[in-house]
$ cat target22.pdb   # PDB, C-alpha atoms
ATOM      1  CA  MET I 285     130.522  38.431  99.511
ATOM      2  CA  GLU I 286     129.679  39.305  95.929
ATOM      3  CA  ARG I 287     128.504  35.767  95.064
ATOM      4  CA  GLY I 288     126.298  35.829  98.143
ATOM      5  CA  LEU I 289     124.706  39.111  97.085
ATOM      6  CA  ILE I 290     124.093  37.755  93.566
ATOM      7  CA  ALA I 291     122.416  34.660  95.016
ATOM      8  CA  LEU I 292     120.257  36.852  97.255
ATOM      9  CA  GLY I 293     119.285  39.026  94.258
ATOM     10  CA  ALA I 294     118.328  35.972  92.208
ATOM     11  CA  ALA I 295     116.278  34.575  95.075
ATOM     12  CA  ILE I 296     114.411  37.873  95.573
ATOM     13  CA  ALA I 297     113.746  38.166  91.810
ATOM     14  CA  ILE I 298     112.196  34.725  91.471
ATOM     15  CA  ALA I 299     110.368  34.921  94.802
ATOM     16  CA  ILE I 300     108.496  38.153  94.039
ATOM     17  CA  ALA I 301     107.651  37.088  90.477
ATOM     18  CA  ALA I 302     106.504  33.614  91.498
ATOM     19  CA  GLY I 303     104.336  34.981  94.316
ATOM     20  CA  ALA I 304     102.736  37.570  92.074
ATOM     21  CA  ALA I 305     102.154  35.032  89.305
ATOM     22  CA  ALA I 306     100.557  32.645  91.786
ATOM     23  CA  ILE I 307      98.178  35.372  92.968
ATOM     24  CA  GLY I 308      97.351  36.254  89.363
ATOM     25  CA  ILE I 309      96.682  32.660  88.328
ATOM     26  CA  GLY I 310      94.568  32.157  91.436
ATOM     27  CA  LEU I 311      92.444  35.206  90.668
ATOM     28  CA  ALA I 312      92.015  34.222  87.012
ATOM     29  CA  ALA I 313      91.101  30.611  87.809
ATOM     30  CA  GLY I 314      88.734  31.622  90.614
ATOM     31  CA  LYS I 315      86.850  34.062  88.412
ATOM     32  CA  ALA I 316      86.703  31.514  85.602
ATOM     33  CA  PHE I 317      85.202  28.863  87.898
ATOM     34  CA  GLU I 318      82.704  31.391  89.213
ATOM     35  CA  ALA I 319      81.686  32.310  85.676
ATOM     36  CA  SER I 320      81.304  28.707  84.536
ATOM     37  CA  ALA I 321      79.281  27.868  87.668
ATOM     38  CA  ARG I 322      76.870  30.693  86.876
ATOM     39  CA  GLN I 323      76.630  29.898  83.186
ATOM     40  CA  PRO I 324      77.571  26.251  82.595
ATOM     41  CA  GLU I 325      76.715  26.537  78.887
ATOM     42  CA  VAL I 326      79.773  28.740  78.190
ATOM     43  CA  ALA I 327      82.095  26.662  80.398
ATOM     44  CA  GLY I 328      84.140  25.444  77.425
ATOM     45  CA  LYS I 329      84.783  28.923  76.105
ATOM     46  CA  VAL I 330      85.597  30.268  79.571
ATOM     47  CA  GLN I 331      88.064  27.441  80.086
ATOM     48  CA  ALA I 332      89.823  28.199  76.797
ATOM     49  CA  LEU I 333      90.072  31.892  77.701
ATOM     50  CA  MET I 334      91.359  30.984  81.172
ATOM     51  CA  MET I 335      94.074  28.819  79.628
ATOM     52  CA  THR I 336      95.228  31.725  77.444
ATOM     53  CA  ALA I 337      95.291  34.081  80.416
ATOM     54  CA  ILE I 338      97.194  31.594  82.565
ATOM     55  CA  VAL I 339      99.767  31.051  79.831
ATOM     56  CA  PHE I 340     100.392  34.794  79.641
ATOM     57  CA  ILE I 341     100.592  35.176  83.428
ATOM     58  CA  GLU I 342     102.925  32.231  83.667
ATOM     59  CA  ALA I 343     105.184  33.840  81.066
ATOM     60  CA  THR I 344     106.045  36.650  83.495
ATOM     61  CA  ALA I 345     107.202  34.120  86.068
ATOM     62  CA  ILE I 346     109.272  32.435  83.361
ATOM     63  CA  TYR I 347     110.932  35.762  82.506
ATOM     64  CA  ALA I 348     111.906  36.145  86.166
ATOM     65  CA  LEU I 349     113.242  32.595  86.129
ATOM     66  CA  VAL I 350     115.394  33.381  83.085
ATOM     67  CA  VAL I 351     116.661  36.576  84.738
ATOM     68  CA  SER I 352     117.585  34.821  87.963
ATOM     69  CA  LEU I 353     119.288  31.988  86.068
ATOM     70  CA  LEU I 354     121.255  34.604  84.124
ATOM     71  CA  LEU I 355     122.182  36.286  87.413
ATOM     72  CA  ILE I 356     123.497  33.033  88.823
ATOM     73  CA  PHE I 357     125.259  31.574  85.807
ATOM     74  CA  ALA I 358     126.275  34.579  83.689
ATOM     75  CA  PHE I 359     127.923  36.681  86.411
TER      76      PHE I 359
ATOM     77  CA  MET Y  75     119.195 -18.843 110.161
ATOM     78  CA  MET Y  76     121.914 -16.999 111.984
ATOM     79  CA  THR Y  77     124.118 -16.946 108.909
ATOM     80  CA  VAL Y  78     121.290 -15.557 106.780
ATOM     81  CA  MET Y  79     120.572 -12.836 109.338
ATOM     82  CA  SER Y  80     124.221 -11.875 109.589
ATOM     83  CA  TYR Y  81     124.478 -11.896 105.802
ATOM     84  CA  ILE Y  82     121.491  -9.566 105.503
ATOM     85  CA  SER Y  83     122.804  -7.180 108.134
ATOM     86  CA  GLU Y  84     126.215  -7.169 106.431
ATOM     87  CA  PHE Y  85     124.590  -6.539 103.067
ATOM     88  CA  TRP Y  86     122.545  -3.692 104.531
ATOM     89  CA  HIS Y  87     125.652  -2.205 106.111
ATOM     90  CA  HIS Y  88     127.538  -2.245 102.804
ATOM     91  CA  PHE Y  89     124.526  -0.915 100.978
ATOM     92  CA  VAL Y  90     124.218   2.081 103.316
ATOM     93  CA  GLU Y  91     127.951   2.764 103.061
ATOM     94  CA  LYS Y  92     127.793   2.652  99.273
ATOM     95  CA  LEU Y  93     124.702   4.885  99.221
ATOM     96  CA  ILE Y  94     126.336   7.504 101.445
ATOM     97  CA  GLU Y  95     129.372   7.427  99.175
ATOM     98  CA  GLU Y  96     127.130   7.841  96.108
ATOM     99  CA  ILE Y  97     125.168  10.815  97.380
ATOM    100  CA  LYS Y  98     128.121  12.636  98.874
ATOM    101  CA  ILE Y  99     127.467  16.209  97.802
ATOM    102  CA  GLY Y 100     130.394  17.674  95.932
ATOM    103  CA  ASP Y 101     130.556  21.108  94.353
ATOM    104  CA  ILE Y 102     127.018  21.244  92.982
ATOM    105  CA  GLY Y 103     127.442  24.653  91.351
ATOM    106  CA  GLU Y 104     130.501  23.426  89.460
ATOM    107  CA  GLU Y 105     128.713  20.315  88.209
ATOM    108  CA  ILE Y 106     125.613  22.238  87.127
ATOM    109  CA  SER Y 107     127.680  24.871  85.297
ATOM    110  CA  HIS Y 108     129.411  22.016  83.502
ATOM    111  CA  ALA Y 109     126.021  20.493  82.626
ATOM    112  CA  ILE Y 110     124.474  23.647  81.164
ATOM    113  CA  ALA Y 111     127.451  24.648  79.018
ATOM    114  CA  PRO Y 112     126.778  24.046  75.298
ATOM    115  CA  ASN Y 113     128.323  20.769  74.291
ATOM    116  CA  ILE Y 114     130.192  21.029  70.973
ATOM    117  CA  LEU Y 115     130.517  17.554  69.489
ATOM    118  CA  PHE Y 116     132.619  18.399  66.435
ATOM    119  CA  SER Y 117     133.597  21.443  64.391
ATOM    120  CA  ALA Y 118     134.501  21.799  60.745
ATOM    121  CA  ARG Y 119     136.074  24.604  58.728
ATOM    122  CA  ILE Y 120     134.119  25.151  55.526
ATOM    123  CA  ALA Y 121     134.548  28.204  53.254
ATOM    124  CA  GLY Y 122     136.587  30.154  55.799
ATOM    125  CA  LYS Y 123     133.968  29.836  58.571
ATOM    126  CA  ASN Y 124     134.019  27.632  61.623
ATOM    127  CA  TRP Y 125     130.912  25.429  61.726
ATOM    128  CA  LEU Y 126     130.187  24.132  65.202
ATOM    129  CA  ILE Y 127     127.955  21.084  65.507
ATOM    130  CA  SER Y 128     126.551  20.963  69.047
ATOM    131  CA  ASP Y 129     124.553  18.177  70.653
ATOM    132  CA  ALA Y 130     121.384  20.213  70.055
ATOM    133  CA  VAL Y 131     121.849  19.882  66.272
ATOM    134  CA  VAL Y 132     122.350  16.132  66.463
ATOM    135  CA  ALA Y 133     119.346  15.712  68.791
ATOM    136  CA  THR Y 134     117.170  17.844  66.485
ATOM    137  CA  TRP Y 135     118.092  15.756  63.430
ATOM    138  CA  GLY Y 136     117.488  12.568  65.357
ATOM    139  CA  VAL Y 137     114.061  13.784  66.411
ATOM    140  CA  MET Y 138     113.271  14.807  62.830
ATOM    141  CA  ILE Y 139     114.067  11.290  61.586
ATOM    142  CA  VAL Y 140     111.934   9.731  64.350
ATOM    143  CA  MET Y 141     109.099  12.172  63.627
ATOM    144  CA  PHE Y 142     109.270  11.379  59.894
ATOM    145  CA  PHE Y 143     108.725   7.694  60.619
ATOM    146  CA  ILE Y 144     105.931   8.365  63.150
ATOM    147  CA  ILE Y 145     104.031  10.582  60.735
ATOM    148  CA  TRP Y 146     104.686   8.227  57.817
ATOM    149  CA  TYR Y 147     103.224   5.398  59.892
ATOM    150  CA  LEU Y 148     100.215   7.479  61.017
ATOM    151  CA  ALA Y 149      99.370   8.830  57.569
ATOM    152  CA  LYS Y 150     100.023   5.841  55.284
ATOM    153  CA  LYS Y 151      97.172   4.165  53.405
ATOM    154  CA  MET Y 152      94.162   6.323  54.295
ATOM    155  CA  GLU Y 153      90.739   4.858  53.526
ATOM    156  CA  LEU Y 154      87.385   6.505  53.063
ATOM    157  CA  VAL Y 155      85.809   4.316  55.753
ATOM    158  CA  PRO Y 156      88.321   4.030  58.586
ATOM    159  CA  ASN Y 157      88.623   0.471  59.826
ATOM    160  CA  SER Y 158      92.040   0.576  61.486
ATOM    161  CA  LYS Y 159      92.879   2.023  64.906
ATOM    162  CA  ARG Y 160      95.825   3.850  63.365
ATOM    163  CA  GLN Y 161      93.631   5.883  61.047
ATOM    164  CA  GLN Y 162      91.106   6.642  63.786
ATOM    165  CA  LEU Y 163      93.936   7.928  65.979
ATOM    166  CA  THR Y 164      95.187  10.184  63.186
ATOM    167  CA  GLU Y 165      91.704  11.487  62.444
ATOM    168  CA  SER Y 166      90.911  12.233  66.087
ATOM    169  CA  LEU Y 167      94.222  14.090  66.429
ATOM    170  CA  VAL Y 168      93.447  16.239  63.393
ATOM    171  CA  ASN Y 169      89.880  16.739  64.661
ATOM    172  CA  ILE Y 170      91.136  18.083  68.004
ATOM    173  CA  LEU Y 171      93.310  20.605  66.158
ATOM    174  CA  ILE Y 172      90.476  21.658  63.857
ATOM    175  CA  LYS Y 173      88.168  22.148  66.870
ATOM    176  CA  LEU Y 174      90.883  24.281  68.493
ATOM    177  CA  CYS Y 175      91.140  26.428  65.360
ATOM    178  CA  GLN Y 176      87.351  26.780  65.174
ATOM    179  CA  THR Y 177      87.056  27.942  68.801
ATOM    180  CA  SER Y 178      89.555  30.724  68.040
ATOM    181  CA  GLY Y 179      87.369  32.042  65.266
ATOM    182  CA  MET Y 180      88.255  30.263  62.010
ATOM    183  CA  THR Y 181      85.923  28.560  59.582
ATOM    184  CA  TYR Y 182      86.435  24.888  58.730
ATOM    185  CA  ALA Y 183      88.112  25.671  55.391
ATOM    186  CA  GLN Y 184      90.513  28.112  57.039
ATOM    187  CA  ALA Y 185      91.264  25.654  59.851
ATOM    188  CA  GLU Y 186      92.193  22.965  57.323
ATOM    189  CA  LYS Y 187      94.877  25.244  55.891
ATOM    190  CA  VAL Y 188      96.391  26.099  59.288
ATOM    191  CA  VAL Y 189      96.347  22.649  60.911
ATOM    192  CA  PRO Y 190      99.277  20.965  59.040
ATOM    193  CA  TYR Y 191     101.833  23.516  60.187
ATOM    194  CA  VAL Y 192     100.689  24.085  63.773
ATOM    195  CA  GLY Y 193     100.161  20.366  64.344
ATOM    196  CA  SER Y 194     103.600  19.374  63.121
ATOM    197  CA  ILE Y 195     105.363  22.120  65.054
ATOM    198  CA  GLY Y 196     103.535  21.046  68.221
ATOM    199  CA  ILE Y 197     104.524  17.388  67.740
ATOM    200  CA  PHE Y 198     108.090  18.470  66.940
ATOM    201  CA  ILE Y 199     108.458  20.542  70.118
ATOM    202  CA  ALA Y 200     106.900  17.824  72.259
ATOM    203  CA  LEU Y 201     109.277  15.204  70.820
ATOM    204  CA  THR Y 202     112.377  17.404  71.185
ATOM    205  CA  ASN Y 203     111.501  18.012  74.845
ATOM    206  CA  MET Y 204     110.902  14.299  75.443
ATOM    207  CA  VAL Y 205     114.515  13.584  74.403
ATOM    208  CA  THR Y 206     115.494  14.276  78.040
ATOM    209  CA  LEU Y 207     113.927  10.906  78.932
ATOM    210  CA  LEU Y 208     116.999   9.316  77.317
ATOM    211  CA  LYS Y 209     119.311  11.564  79.395
ATOM    212  CA  ILE Y 210     120.197  13.610  76.305
ATOM    213  CA  PRO Y 211     119.945  17.384  76.914
ATOM    214  CA  ALA Y 212     116.914  18.822  75.104
ATOM    215  CA  PRO Y 213     117.700  21.092  72.109
ATOM    216  CA  SER Y 214     115.511  23.841  73.659
ATOM    217  CA  LYS Y 215     118.186  24.170  76.357
ATOM    218  CA  ASN Y 216     120.243  25.947  73.702
ATOM    219  CA  PRO Y 217     118.712  29.456  73.227
ATOM    220  CA  ALA Y 218     119.227  29.314  69.454
ATOM    221  CA  PHE Y 219     116.589  26.607  69.044
ATOM    222  CA  PRO Y 220     113.556  28.341  70.637
ATOM    223  CA  ILE Y 221     114.497  31.676  69.060
ATOM    224  CA  THR Y 222     114.589  30.075  65.601
ATOM    225  CA  LEU Y 223     111.244  28.347  66.172
ATOM    226  CA  ALA Y 224     109.628  31.581  67.380
ATOM    227  CA  LEU Y 225     110.915  33.539  64.368
ATOM    228  CA  ILE Y 226     109.638  30.899  61.927
ATOM    229  CA  ASN Y 227     106.348  30.916  63.802
ATOM    230  CA  ILE Y 228     105.780  34.678  63.690
ATOM    231  CA  VAL Y 229     106.629  34.797  59.954
ATOM    232  CA  TYR Y 230     104.126  31.991  59.418
ATOM    233  CA  VAL Y 231     101.462  33.773  61.492
ATOM    234  CA  VAL Y 232     101.809  36.991  59.461
ATOM    235  CA  TYR Y 233     101.896  35.074  56.153
ATOM    236  CA  MET Y 234      98.884  32.938  57.041
ATOM    237  CA  SER Y 235      96.789  35.818  58.333
ATOM    238  CA  ILE Y 236      97.477  37.783  55.150
ATOM    239  CA  ARG Y 237      96.552  34.714  53.100
ATOM    240  CA  LEU Y 238      93.341  34.051  55.048
ATOM    241  CA  ALA Y 239      92.129  37.613  55.663
ATOM    242  CA  GLY Y 240      93.729  39.372  52.677
ATOM    243  CA  ILE Y 241      96.155  42.279  52.939
ATOM    244  CA  LYS Y 242      93.201  44.617  53.558
ATOM    245  CA  GLY Y 243      91.914  42.481  56.395
ATOM    246  CA  PHE Y 244      95.364  42.348  57.969
ATOM    247  CA  TRP Y 245      95.620  46.137  57.845
ATOM    248  CA  ALA Y 246      92.106  46.409  59.306
ATOM    249  CA  SER Y 247      93.105  44.163  62.193
ATOM    250  CA  LEU Y 248      96.116  46.397  62.861
ATOM    251  CA  ILE Y 249      93.922  49.492  63.242
ATOM    252  CA  TYR Y 250      90.919  47.553  64.572
ATOM    253  CA  PRO Y 251      89.530  49.362  67.643
ATOM    254  CA  LYS Y 252      91.290  52.711  67.067
ATOM    255  CA  ALA Y 253      93.900  53.840  64.550
ATOM    256  CA  ALA Y 254      95.934  55.300  67.433
ATOM    257  CA  LEU Y 255      96.753  51.752  68.564
ATOM    258  CA  LEU Y 256      98.800  51.031  65.413
ATOM    259  CA  PRO Y 257     102.279  51.472  67.009
ATOM    260  CA  PHE Y 258     101.358  49.134  69.833
ATOM    261  CA  LYS Y 259     100.000  46.522  67.450
ATOM    262  CA  ILE Y 260     103.265  46.639  65.478
ATOM    263  CA  LEU Y 261     105.213  46.426  68.749
ATOM    264  CA  ASP Y 262     103.069  43.413  69.569
ATOM    265  CA  TYR Y 263     104.521  41.550  66.573
ATOM    266  CA  LEU Y 264     108.040  42.194  67.921
ATOM    267  CA  ILE Y 265     107.162  41.070  71.439
ATOM    268  CA  LYS Y 266     105.313  37.893  70.388
ATOM    269  CA  PRO Y 267     108.429  36.015  69.178
ATOM    270  CA  ILE Y 268     110.404  37.136  72.247
ATOM    271  CA  SER Y 269     107.634  35.893  74.511
ATOM    272  CA  LEU Y 270     107.291  32.587  72.616
ATOM    273  CA  SER Y 271     111.004  31.839  72.634
ATOM    274  CA  LEU Y 272     111.598  32.901  76.251
ATOM    275  CA  ARG Y 273     108.676  30.788  77.440
ATOM    276  CA  LEU Y 274     109.991  27.647  75.752
ATOM    277  CA  PHE Y 275     113.609  28.338  76.726
ATOM    278  CA  GLY Y 276     112.852  29.234  80.341
ATOM    279  CA  ASN Y 277     110.625  26.240  80.936
ATOM    280  CA  VAL Y 278     112.967  23.671  79.418
ATOM    281  CA  PHE Y 279     116.132  25.219  80.849
ATOM    282  CA  GLY Y 280     114.657  25.500  84.341
ATOM    283  CA  ALA Y 281     113.391  21.922  84.218
ATOM    284  CA  TYR Y 282     116.787  20.741  82.951
ATOM    285  CA  ILE Y 283     118.698  22.436  85.789
ATOM    286  CA  LEU Y 284     116.270  21.078  88.375
ATOM    287  CA  MET Y 285     116.586  17.559  86.964
ATOM    288  CA  GLU Y 286     120.412  17.800  86.958
ATOM    289  CA  PHE Y 287     120.262  18.976  90.557
ATOM    290  CA  ILE Y 288     118.051  16.045  91.550
ATOM    291  CA  TYR Y 289     120.275  13.586  89.669
ATOM    292  CA  ILE Y 290     123.261  14.888  91.645
ATOM    293  CA  ILE Y 291     121.769  14.845  95.134
ATOM    294  CA  ILE Y 292     119.437  11.785  95.003
ATOM    295  CA  PRO Y 293     120.492   9.531  92.136
ATOM    296  CA  ILE Y 294     117.962   6.728  92.745
ATOM    297  CA  ILE Y 295     114.158   6.417  92.306
ATOM    298  CA  VAL Y 296     113.316  10.099  92.930
ATOM    299  CA  PRO Y 297     114.537  11.397  89.509
ATOM    300  CA  GLY Y 298     112.326   8.832  87.810
ATOM    301  CA  VAL Y 299     109.203  10.023  89.624
ATOM    302  CA  ILE Y 300     109.871  13.757  89.320
ATOM    303  CA  GLY Y 301     111.051  13.257  85.740
ATOM    304  CA  LEU Y 302     107.550  12.103  84.801
ATOM    305  CA  TRP Y 303     106.399  15.695  85.181
ATOM    306  CA  PHE Y 304     109.487  17.631  84.121
ATOM    307  CA  ASP Y 305     110.539  15.415  81.206
ATOM    308  CA  LEU Y 306     107.249  14.079  79.932
ATOM    309  CA  ALA Y 307     104.240  16.208  80.912
ATOM    310  CA  ASP Y 308     105.959  19.593  80.849
ATOM    311  CA  GLY Y 309     107.579  18.857  77.485
ATOM    312  CA  ILE Y 310     104.274  17.882  75.880
ATOM    313  CA  LEU Y 311     102.554  20.873  77.522
ATOM    314  CA  GLN Y 312     105.087  23.240  75.938
ATOM    315  CA  GLY Y 313     104.312  21.804  72.500
ATOM    316  CA  VAL Y 314     100.572  22.186  73.130
ATOM    317  CA  ILE Y 315     101.010  25.786  74.308
ATOM    318  CA  PHE Y 316     103.120  26.658  71.258
ATOM    319  CA  THR Y 317     100.422  25.289  68.940
ATOM    320  CA  TYR Y 318      97.658  26.954  70.933
ATOM    321  CA  LEU Y 319      99.333  30.365  70.904
ATOM    322  CA  SER Y 320     100.086  30.339  67.173
ATOM    323  CA  VAL Y 321      96.452  29.434  66.466
ATOM    324  CA  THR Y 322      95.305  32.208  68.819
ATOM    325  CA  TYR Y 323      97.533  34.781  67.093
ATOM    326  CA  ILE Y 324      96.047  33.933  63.685
ATOM    327  CA  GLY Y 325      92.556  33.920  65.205
ATOM    328  CA  GLU Y 326      93.068  37.407  66.663
ATOM    329  CA  VAL Y 327      93.884  38.842  63.250
ATOM    330  CA  LEU Y 328      90.865  37.149  61.676
ATOM    331  CA  GLU Y 329      88.595  38.455  64.418
ATOM    332  CA  GLY Y 330      89.843  42.024  63.905
ATOM    333  CA  ALA Y 331      89.323  41.739  60.147
ATOM    334  CA  HIS Y 332      85.837  40.327  60.708
ATOM    335  CA  HIS Y 333      84.824  43.209  62.996
ATOM    336  CA  ALA Y 334      86.181  45.757  60.519
ATOM    337  CA  ARG Y 335      84.175  44.152  57.687
ATOM    338  CA  GLU Y 336      80.996  44.208  59.798
ATOM    339  CA  ALA Y 337      81.583  47.867  60.702
ATOM    340  CA  ALA Y 338      82.038  48.736  57.018
ATOM    341  CA  HIS Y 339      78.731  47.043  56.099
ATOM    342  CA  SER Y 340      76.581  48.640  58.771
TER     343      SER Y 340
END

$ encode --input "target22.pdb" --output "structure tokens"
Amino acid sequence: MERGLIALGAAIAIAIAAGAAAIGIGLAAGKAFEASARQPEVAGKVQALMMTAIVFIEATAIYALVVSLLLIFAF
Amino acid sequence: MMTVMSYISEFWHHFVEKLIEEIKIGDIGEEISHAIAPNILFSARIAGKNWLISDAVVATWGVMIVMFFIIWYLAKKMELVPNSKRQQLTESLVNILIKLCQTSGMTYAQAEKVVPYVGSIGIFIALTNMVTLLKIPAPSKNPAFPITLALINIVYVVYMSIRLAGIKGFWASLIYPKAALLPFKILDYLIKPISLSLRLFGNVFGAYILMEFIYIIIPIIVPGVIGLWFDLADGILQGVIFTYLSVTYIGEVLEGAHHAREAAHS
């Protein structure tokens, strides 16, 4: 019973974080493409900024991954 | 003809039997817990303390020796006019890093000072993550390794930004838009190493567990294909991101110092 609840908690943790991170990365990438289509001359700079933003957004999903791994293996 | 056909069908039959025996799913959780436990190879008692040598230490030293030879090969016998492919490769690698530094707001002279450290730490992380190709667990699987790297990195970032922008410039970047933001900027320097180490650890550890899982359930062909991403591309990407972020952190400080200097002049 308890192991099942822990597994469910880990699944919910990673699912919410991964979904939210996917939405965030999608928004960031979409806006970046829009910006570089309007102003192709700053495309390089926009791409670099987008990479930074995506790395930071992805980090939140990684934190959730670490938490759910801890839930599964440390308890 | 008949004998060949019967031989083939018999062979196929045995093959399927063997395969089903191979992929019989045991207690996966047990096997994965065994795989992620730190693997102590040998321990020694020196000066009243127990020194544990895990596989991460051995892998790290192995990678350092390999990296020494790679860099020695890339950097030996430089000429003013490059006429070997080796030197052109080295120069283009350094050029990419210098371009990266320049896009985050450094001058060429400043970029030349930063590149040796960030480049070598990027190559080091990429090589340590690529160790999983040889079925050796990556050192980043052990939390001590990414935490150490992140701490070294943040000390280097603070040291380098003070050296490049001066202690006054560093202070100006701390209070750059408003002085009220100072506590948050200091908090930022505590969160940066946590974020750096957790990113590296989470990525490598997650990839390692997934690869172990795939090795257990489908031991043929599939791990090789999926491993191309999780062992090779993801490992190199982590090294690139580590380099990129440390350059960005230094660039942020320089930008703040630059704005403060402009504000003081006008």

$ atom_distance --input "target22.pdb" --atom1 "atom CA of Gln331 of chain I" --atom2 "atom CA of Ala316 of chain I"
7.0 Å

$ atom_distance --input "target22.pdb" --atom1 "atom CA of Phe275 of chain Y" --atom2 "atom CA of Leu223 of chain Y"
10.8 Å

$ residues_around --input "target22.pdb" --residues "Ala299 of chain I" --least-positions-apart "6" --cutoff "10 Å" --atoms "all atoms listed in the file" --output "PyMOL selection string"
chain I and resi 293+305+345+348-349+352

$ resolve_selection --input "target22.pdb" --expression "the ChimeraX specification (/Y :<7) & /I" --output "PyMOL selection string"
chain I and resi 343+346-347+349-350

$ residues_around --input "target22.pdb" --residues "segment 238-253 of chain Y" --least-positions-apart "6" --cutoff "10 Å" --atoms "all atoms listed in the file" --output "MDAnalysis selection string"
chainID Y and resid 180 183:185 187:188 232 259:260 324 326:335

$ atom_distance --input "target22.pdb" --atom1 "atom CA of Phe89 of chain Y" --atom2 "atom CA of Ile210 of chain Y"
29.0 Å

$ build_atoms --input "target22.pdb" --residues "segment 212-226 of chain Y" --atoms "N, CA and C atoms" --output "mmCIF file, in the coordinates of the input"
data_model
loop_
_atom_site.group_PDB
_atom_site.id
_atom_site.type_symbol
_atom_site.label_atom_id
_atom_site.label_comp_id
_atom_site.auth_asym_id
_atom_site.auth_seq_id
_atom_site.Cartn_x
_atom_site.Cartn_y
_atom_site.Cartn_z
ATOM 1 N N ALA Y 212 117.877 18.418 76.121
ATOM 2 C CA ALA Y 212 116.914 18.822 75.104
ATOM 3 C C ALA Y 212 117.498 19.962 74.264
ATOM 4 N N PRO Y 213 117.192 20.006 72.953
ATOM 5 C CA PRO Y 213 117.700 21.092 72.109
ATOM 6 C C PRO Y 213 117.227 22.466 72.583
ATOM 7 N N SER Y 214 116.035 22.542 73.217
ATOM 8 C CA SER Y 214 115.511 23.841 73.659
ATOM 9 C C SER Y 214 116.361 24.439 74.762
ATOM 10 N N LYS Y 215 117.275 23.658 75.341
ATOM 11 C CA LYS Y 215 118.186 24.170 76.357
ATOM 12 C C LYS Y 215 119.132 25.190 75.745
ATOM 13 N N ASN Y 216 119.381 25.033 74.437
ATOM 14 C CA ASN Y 216 120.243 25.947 73.702
ATOM 15 C C ASN Y 216 119.382 27.100 73.192
ATOM 16 N N PRO Y 217 119.643 28.375 73.577
ATOM 17 C CA PRO Y 217 118.712 29.456 73.227
ATOM 18 C C PRO Y 217 118.471 29.604 71.738
ATOM 19 N N ALA Y 218 119.399 29.148 70.897
ATOM 20 C CA ALA Y 218 119.227 29.314 69.454
ATOM 21 C C ALA Y 218 117.992 28.584 68.954
ATOM 22 N N PHE Y 219 117.685 27.443 69.546
ATOM 23 C CA PHE Y 219 116.589 26.607 69.044
ATOM 24 C C PHE Y 219 115.214 27.248 69.241
ATOM 25 N N PRO Y 220 114.865 27.682 70.484
ATOM 26 C CA PRO Y 220 113.556 28.341 70.637
ATOM 27 C C PRO Y 220 113.440 29.659 69.884
ATOM 28 N N ILE Y 221 114.571 30.394 69.782
ATOM 29 C CA ILE Y 221 114.497 31.676 69.060
ATOM 30 C C ILE Y 221 114.193 31.420 67.591
ATOM 31 N N THR Y 222 114.850 30.406 67.005
ATOM 32 C CA THR Y 222 114.589 30.075 65.601
ATOM 33 C C THR Y 222 113.130 29.671 65.405
ATOM 34 N N LEU Y 223 112.629 28.800 66.296
ATOM 35 C CA LEU Y 223 111.244 28.347 66.172
ATOM 36 C C LEU Y 223 110.283 29.516 66.254
ATOM 37 N N ALA Y 224 110.542 30.451 67.201
ATOM 38 C CA ALA Y 224 109.628 31.581 67.380
ATOM 39 C C ALA Y 224 109.647 32.485 66.157
ATOM 40 N N LEU Y 225 110.842 32.679 65.551
ATOM 41 C CA LEU Y 225 110.915 33.539 64.368
ATOM 42 C C LEU Y 225 110.160 32.907 63.199
ATOM 43 N N ILE Y 226 110.376 31.594 62.991
ATOM 44 C CA ILE Y 226 109.638 30.899 61.927
ATOM 45 C C ILE Y 226 108.142 31.047 62.167
#
